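Next up, model-v1.tsv (TSV, C-alpha atoms and all ligand atoms):
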```tsv
chain	number	residue	atom	x	y	z
M	489	MET	CA	0.00	0.00	0.00
M	490	ILE	CA	1.24	3.49	-0.82
M	491	ARG	CA	0.97	5.75	2.18
M	492	GLN	CA	1.00	9.51	1.61
M	493	LYS	CA	3.88	11.19	3.40
M	494	ILE	CA	3.19	13.85	5.99
M	495	VAL	CA	5.63	16.61	6.90
M	496	ALA	CA	4.44	18.35	10.05
M	497	GLY	CA	5.94	21.38	11.78
M	498	ASN	CA	5.55	21.69	15.53
M	499	TRP	CA	6.20	25.33	16.34
M	500	LYS	CA	5.96	24.71	20.09
M	501	MET	CA	5.81	27.90	22.21
M	502	ASN	CA	7.40	30.11	19.55
M	503	GLY	CA	6.31	32.95	17.32
M	504	SER	CA	4.53	36.27	17.28
M	505	LYS	CA	1.85	37.68	14.99
M	506	GLU	CA	4.55	39.16	12.80
M	507	SER	CA	6.95	36.22	12.66
M	508	ILE	CA	4.07	33.83	11.97
M	509	LEU	CA	2.83	36.01	9.12
M	510	ASN	CA	6.30	35.88	7.55
M	511	LEU	CA	6.72	32.16	8.13
M	512	VAL	CA	3.33	31.22	6.68
M	513	ASN	CA	3.82	33.50	3.68
M	514	GLY	CA	7.20	31.87	3.06
M	515	LEU	CA	5.63	28.41	3.21
M	516	LEU	CA	2.71	29.36	0.98
M	517	GLU	CA	5.13	30.37	-1.75
M	518	GLY	CA	6.82	27.00	-1.98
M	519	SER	CA	5.00	24.19	-0.25
M	520	LYS	CA	3.63	22.31	-3.28
M	521	SER	CA	4.38	18.68	-2.63
M	522	SER	CA	2.94	15.21	-2.91
M	523	ALA	CA	3.27	15.12	0.88
M	524	GLU	CA	0.64	16.58	3.17
M	525	VAL	CA	2.18	19.60	4.87
M	526	VAL	CA	0.92	20.31	8.38
M	527	ILE	CA	1.75	23.20	10.71
M	528	ALA	CA	1.04	23.37	14.42
M	529	PRO	CA	1.09	26.91	15.86
M	530	SER	CA	0.36	27.54	19.51
M	531	PHE	CA	-3.27	28.19	20.45
M	532	PRO	CA	-3.39	32.02	20.27
M	533	TYR	CA	-2.28	31.91	16.63
M	534	LEU	CA	-4.62	29.20	15.34
M	535	SER	CA	-7.13	31.76	14.15
M	536	GLN	CA	-4.49	33.82	12.33
M	537	VAL	CA	-2.96	30.76	10.68
M	538	ALA	CA	-6.38	29.33	9.79
M	539	ASP	CA	-7.16	32.57	7.93
M	540	LEU	CA	-3.75	32.73	6.21
M	541	THR	CA	-3.90	29.10	5.05
M	542	ALA	CA	-7.56	28.98	3.97
M	543	ASN	CA	-7.80	27.42	0.47
M	544	SER	CA	-4.10	26.50	0.53
M	545	GLN	CA	-2.37	23.14	0.68
M	546	LEU	CA	-1.25	23.72	4.24
M	547	THR	CA	-3.11	21.78	6.90
M	548	LEU	CA	-3.56	22.94	10.46
M	549	ALA	CA	-2.76	21.05	13.66
M	550	ALA	CA	-3.10	21.96	17.32
M	551	GLN	CA	-0.31	21.10	19.74
M	552	ASN	CA	-2.54	19.73	22.49
M	553	VAL	CA	-6.16	19.50	23.61
M	554	SER	CA	-8.09	18.76	26.78
M	555	GLU	CA	-9.65	15.35	27.25
M	556	GLN	CA	-12.61	17.18	28.85
M	557	ALA	CA	-15.52	18.48	26.77
M	558	LYS	CA	-16.08	21.81	28.58
M	559	GLY	CA	-16.42	23.53	31.93
M	560	ALA	CA	-14.25	24.53	34.87
M	561	TYR	CA	-10.79	23.61	33.52
M	562	THR	CA	-8.88	26.88	33.67
M	563	GLY	CA	-6.24	27.22	30.99
M	564	GLU	CA	-7.44	24.25	28.95
M	565	VAL	CA	-8.69	24.17	25.35
M	566	SER	CA	-11.43	21.78	24.21
M	567	CYS	CA	-11.99	19.87	20.98
M	568	SER	CA	-15.09	21.93	20.20
M	569	MET	CA	-12.97	25.10	20.40
M	570	LEU	CA	-10.45	23.67	17.94
M	571	ALA	CA	-13.31	22.81	15.60
M	572	ASP	CA	-13.86	26.55	15.08
M	573	PHE	CA	-10.41	26.93	13.47
M	574	ASN	CA	-10.18	24.40	10.63
M	575	VAL	CA	-7.93	22.13	12.64
M	576	LYS	CA	-7.42	18.62	11.21
M	577	TYR	CA	-4.72	17.08	13.41
M	578	VAL	CA	-3.91	17.34	17.11
M	579	LEU	CA	-0.51	16.41	18.55
M	580	ILE	CA	-1.14	14.12	21.49
M	581	GLY	CA	1.39	12.81	23.98
M	582	HIS	CA	4.36	14.85	22.80
M	583	SER	CA	7.28	13.95	25.05
M	584	GLU	CA	7.33	17.53	26.41
M	585	ARG	CA	3.70	17.04	27.52
M	586	ARG	CA	4.53	13.67	29.02
M	587	SER	CA	7.71	14.74	30.84
M	588	LEU	CA	7.04	18.39	31.75
M	589	TYR	CA	3.29	18.21	32.37
M	590	GLY	CA	2.99	14.66	33.68
M	591	GLU	CA	0.75	13.27	30.95
M	592	SER	CA	0.37	9.55	31.57
M	593	ASP	CA	-0.28	6.86	28.96
M	594	GLN	CA	-3.88	6.78	30.19
M	595	LEU	CA	-4.40	10.54	29.87
M	596	VAL	CA	-2.86	10.42	26.40
M	597	ALA	CA	-5.32	7.67	25.49
M	598	GLU	CA	-8.24	9.76	26.82
M	599	LYS	CA	-7.11	12.72	24.72
M	600	VAL	CA	-6.89	10.51	21.63
M	601	LYS	CA	-10.43	9.32	22.35
M	602	ALA	CA	-11.72	12.90	22.70
M	603	CYS	CA	-10.06	13.89	19.41
M	604	LEU	CA	-11.55	10.98	17.51
M	605	ALA	CA	-15.01	11.68	18.92
M	606	SER	CA	-14.73	15.23	17.54
M	607	GLY	CA	-13.48	14.15	14.12
M	608	PHE	CA	-9.83	15.18	14.54
M	609	LYS	CA	-6.89	12.98	13.61
M	610	PRO	CA	-4.59	12.56	16.57
M	611	MET	CA	-0.84	12.52	15.92
M	612	LEU	CA	0.12	10.17	18.70
M	613	CYS	CA	3.69	10.85	19.81
M	614	ILE	CA	5.65	7.99	21.34
M	615	GLY	CA	9.30	7.34	22.03
M	616	GLU	CA	11.91	6.21	24.50
M	617	THR	CA	14.31	8.14	26.71
M	618	LEU	CA	18.05	7.66	26.39
M	619	ALA	CA	18.11	5.49	29.53
M	620	GLU	CA	15.36	3.31	28.07
M	621	ARG	CA	17.26	2.95	24.79
M	622	GLU	CA	20.45	2.05	26.64
M	623	ALA	CA	18.50	-0.56	28.60
M	624	GLU	CA	17.24	-1.98	25.26
M	625	GLN	CA	13.69	-1.04	26.18
M	626	THR	CA	12.96	1.02	23.05
M	627	ILE	CA	10.47	-1.34	21.44
M	628	ALA	CA	8.84	-2.29	24.74
M	629	VAL	CA	8.28	1.39	25.63
M	630	CYS	CA	6.82	2.22	22.21
M	631	GLU	CA	4.54	-0.81	22.33
M	632	ARG	CA	3.38	0.10	25.83
M	633	GLN	CA	2.55	3.66	24.73
M	634	VAL	CA	0.63	2.43	21.67
M	635	ALA	CA	-1.08	-0.38	23.63
M	636	ALA	CA	-2.55	2.12	26.12
M	637	VAL	CA	-4.30	3.83	23.20
M	638	VAL	CA	-5.38	0.56	21.57
M	639	ASP	CA	-6.92	-0.54	24.88
M	640	THR	CA	-8.96	2.68	25.07
M	641	VAL	CA	-10.07	3.28	21.47
M	642	GLY	CA	-9.55	-0.12	19.77
M	643	ILE	CA	-7.32	-1.05	16.86
M	644	GLU	CA	-9.76	0.03	14.13
M	645	ALA	CA	-9.48	3.61	15.40
M	646	PHE	CA	-5.88	3.62	14.18
M	647	LYS	CA	-7.27	4.14	10.67
M	648	ASP	CA	-7.65	7.76	11.84
M	649	ILE	CA	-4.53	8.04	13.96
M	650	VAL	CA	-1.05	9.05	12.81
M	651	ILE	CA	1.86	7.83	14.93
M	652	ALA	CA	4.95	9.98	15.43
M	653	TYR	CA	7.97	8.07	16.71
M	654	GLU	CA	10.08	10.65	18.51
M	655	PRO	CA	12.97	9.33	20.59
M	656	VAL	CA	13.15	11.71	23.56
M	657	TRP	CA	16.96	11.88	23.33
M	658	ALA	CA	16.68	13.22	19.79
M	659	ILE	CA	14.13	15.99	20.39
M	660	GLY	CA	15.67	19.44	20.32
M	661	THR	CA	19.14	18.02	20.93
M	662	GLY	CA	20.57	18.05	17.41
M	663	LEU	CA	21.10	14.28	17.84
M	664	SER	CA	18.87	12.66	15.24
M	665	ALA	CA	18.31	8.92	15.12
M	666	SER	CA	19.89	7.48	12.01
M	667	ALA	CA	17.55	6.54	9.19
M	668	GLN	CA	18.25	2.88	10.01
M	669	GLN	CA	17.47	3.35	13.71
M	670	ALA	CA	14.19	5.06	12.80
M	671	GLN	CA	13.30	2.32	10.30
M	672	GLU	CA	13.97	-0.39	12.89
M	673	VAL	CA	11.54	1.13	15.38
M	674	HIS	CA	8.91	2.03	12.77
M	675	GLN	CA	9.00	-1.54	11.47
M	676	ALA	CA	8.58	-2.89	15.00
M	677	ILE	CA	5.60	-0.59	15.67
M	678	ARG	CA	3.99	-1.67	12.41
M	679	ALA	CA	4.64	-5.33	13.26
M	680	TYR	CA	3.01	-4.83	16.64
M	681	LEU	CA	-0.09	-3.31	14.99
M	682	ALA	CA	-0.09	-6.10	12.38
M	683	GLY	CA	-0.55	-8.56	15.23
M	684	LEU	CA	-3.86	-6.81	15.92
M	685	SER	CA	-4.98	-5.96	12.37
M	686	ALA	CA	-2.99	-6.46	9.18
M	687	SER	CA	-5.01	-3.91	7.21
M	688	VAL	CA	-4.78	-1.20	9.87
M	689	SER	CA	-1.05	-1.78	10.19
M	690	GLU	CA	-0.54	-1.43	6.42
M	691	GLY	CA	-2.33	1.91	6.29
M	692	VAL	CA	-1.10	3.68	9.41
M	693	GLN	CA	1.30	6.55	8.74
M	694	ILE	CA	4.31	6.55	11.06
M	695	LEU	CA	6.32	9.78	11.15
M	696	TYR	CA	9.80	10.20	12.58
M	697	GLY	CA	10.59	13.19	14.78
M	698	GLY	CA	13.77	14.28	16.53
M	699	SER	CA	16.16	16.92	15.18
M	700	VAL	CA	15.07	16.36	11.56
M	701	LYS	CA	16.88	18.70	9.18
M	702	ALA	CA	16.87	19.11	5.43
M	703	SER	CA	20.29	17.47	5.26
M	704	THR	CA	19.10	14.25	6.95
M	705	SER	CA	15.55	14.04	5.65
M	706	ALA	CA	16.25	12.66	2.16
M	707	GLU	CA	17.75	9.43	3.50
M	708	LEU	CA	15.10	9.20	6.20
M	709	PHE	CA	12.32	9.34	3.61
M	710	THR	CA	13.77	6.41	1.64
M	711	MET	CA	13.04	4.08	4.56
M	712	PRO	CA	10.02	1.87	3.78
M	713	ASP	CA	8.26	2.39	7.11
M	714	VAL	CA	9.00	6.10	7.50
M	715	ASP	CA	5.95	7.98	6.24
M	716	GLY	CA	7.14	11.48	6.90
M	717	ALA	CA	8.46	13.66	9.68
M	718	LEU	CA	7.38	15.69	12.67
M	719	VAL	CA	9.77	18.62	12.75
M	720	GLY	CA	10.36	21.01	15.65
M	721	GLY	CA	13.16	23.57	15.44
M	722	ALA	CA	13.72	23.30	11.69
M	723	SER	CA	10.05	24.06	10.99
M	724	LEU	CA	10.51	27.62	12.25
M	725	ASP	CA	12.72	28.42	9.28
M	726	ALA	CA	10.69	28.56	6.04
M	727	LYS	CA	13.61	27.65	3.78
M	728	GLU	CA	14.77	24.72	5.90
M	729	PHE	CA	11.21	23.41	6.29
M	730	LEU	CA	10.56	23.76	2.55
M	731	ASP	CA	13.72	21.76	1.86
M	732	ILE	CA	12.44	18.98	4.11
M	733	ILE	CA	9.09	19.09	2.29
M	734	LYS	CA	10.94	18.88	-1.03
M	735	ALA	CA	12.84	15.81	0.19
M	736	ALA	CA	9.49	14.12	0.85
M	737	GLY	CA	8.70	14.32	-2.87
X	1	LIG	C1	9.35	17.89	18.16
X	1	LIG	O1	9.22	18.73	19.03
X	1	LIG	O2	8.37	17.20	17.84
X	1	LIG	C2	10.65	17.76	17.53
X	1	LIG	C3	10.87	16.70	16.80
X	1	LIG	O3	11.57	18.76	17.75
X	1	LIG	P1	13.01	18.95	17.03
X	1	LIG	O4	12.82	18.70	15.57
X	1	LIG	O5	13.41	20.33	17.33
X	1	LIG	O6	13.91	17.91	17.63
```

What does this structure look like when you write it as structure tokens?
Amino acid sequence: MIRQKIVAGNWKMNGSKESILNLVNGLLEGSKSSAEVVIAPSFPYLSQVADLTANSQLTLAAQNVSEQAKGAYTGEVSCSMLADFNVKYVLIGHSERRSLYGESDQLVAEKVKACLASGFKPMLCIGETLAEREAEQTIAVCERQVAAVVDTVGIEAFKDIVIAYEPVWAIGTGLSASAQQAQEVHQAIRAYLAGLSASVSEGVQILYGGSVKASTSAELFTMPDVDGALVGGASLDAKEFLDIIKAAG
């Protein structure tokens, strides 16, 4: 099965009205690609980016969402709020959410469930720490993180879920996994899903994230189980991000 590549930019807590205007305009000029190009601004800028990207090939993602529907949850943002801004994807379980804000596998699974119920496609982020890799726990950790979601929403739901494998030691560190290391883990994740449903496993898009740059993306995208990239730092630079998009074909 041919899976469309996705190149997604996670802008994290960066940007201003002005810098975002420049960045989006830069991307609009050159983002034609066979890959789906996704950008994830922080919440205050969703409206601005939704307006700037209307009728373009750029797709919008949110960086997080509440598992709750509405009410007394100060500082949180609900799925129904995101629905007002043309959002298609929501990053769920990014390692910064897991490590800095204590998001457990179960909370991540609840957020995935809330997204699916509202018609969003979750980008489920998984990945091991350096200590876990050194203890040869990489595959076990990734399987555990995926299994928590399977247990909550079922395997068929993965037809609408994108997985982003992001080794924690590679995020924001400049230390990218090699294309072969990424392939090894992606293949293992797909094999795990195949044990539950061959057809779901064949279709699920698995992105790699962790210090992806234009210079490393071409080799990464030749790997058979790498279906694109989730890009942090390099997505804040229009030229660098466009070069990664170009490498995706
Ligand atoms: C990320 O935050 O999802 C990420 C992969 O960041 P970076 O590319 O900066 O490592």

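Using all atoms listed in the file, the shortest contact distance between ligand LIG 1 (chain X) and any of M:Gly737, M:Pro529, M:Gly563, M:Gly691 is found at M:Pro529.
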
(request) Around ligand LIG 1 (chain X), at most 7 Å away and counting all atoms listed in the file, which residues are there? Put them as a ChimeraX atom specification, please. (result) /M:498,500,582,654,658-662,697-700,718-722

(request) Fewer than 6 positions away in the same chain doesn't count, so skip those; otherwise give me all residues within 6 Å of M:Tyr653, counting all atoms listed in the file, as JSON, numbers by chain. (result) {"M": [613, 614, 615, 696]}

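For the pair atom CA of M:Ser705 and atom CA of M:Ala670, the separation is 11.6 Å.
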
(message) With all atoms listed in the file as the counted atoms, please give the residues lying no more than 8 Å from stretch 588-601 of chain M, apart from itself and same-chain residues fewer than 3 positions off, as a list of chain:residue names.
(response) M:Val553, M:Ser554, M:Glu555, M:Ile580, M:Gly581, M:Glu584, M:Arg585, M:Leu604, M:Ala605, M:Pro610, M:Leu612, M:Gln633, M:Ala636, M:Val637, M:Thr640, M:Val641

(request) Work out how far apart atom CA of M:Gln492 and atom CA of M:Tyr577 are and give it in Å to one decimal. (result) 15.1 Å

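Of the listed residues M:Ile643, M:Ala496, M:Val525, M:Ile733, the one whose atoms come nearest to M:Ala686 is M:Ile643, with distances taken using all atoms listed in the file.
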
(request) Would you work out the distance separating atom CA of M:Asp731 from atom CA of M:Leu695, expressed in Å to one decimal? (result) 16.9 Å

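Among the candidates M:Ser507, M:Ser689, M:Thr562, M:Ser606, the one nearest to M:Ala676 when counting all atoms listed in the file is M:Ser689.
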
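With only C-alpha atoms taken into account, every residue lying no more than 7 Å from the file point (3.5, 5.8, 7.9) is included here: Arg491, Val692, Gln693, Ile694, Leu695, Asp713, Val714, Asp715 and Gly716 of chain M.
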
Coordinates of box centre and edge lengths for stretch 647-660 of chain M, 3 Å on every side, axis-aligned, as JSON:
```
{"center_x": 4.7, "center_y": 11.8, "center_z": 17.1, "size_x": 30.6, "size_y": 21.3, "size_z": 18.9}
```
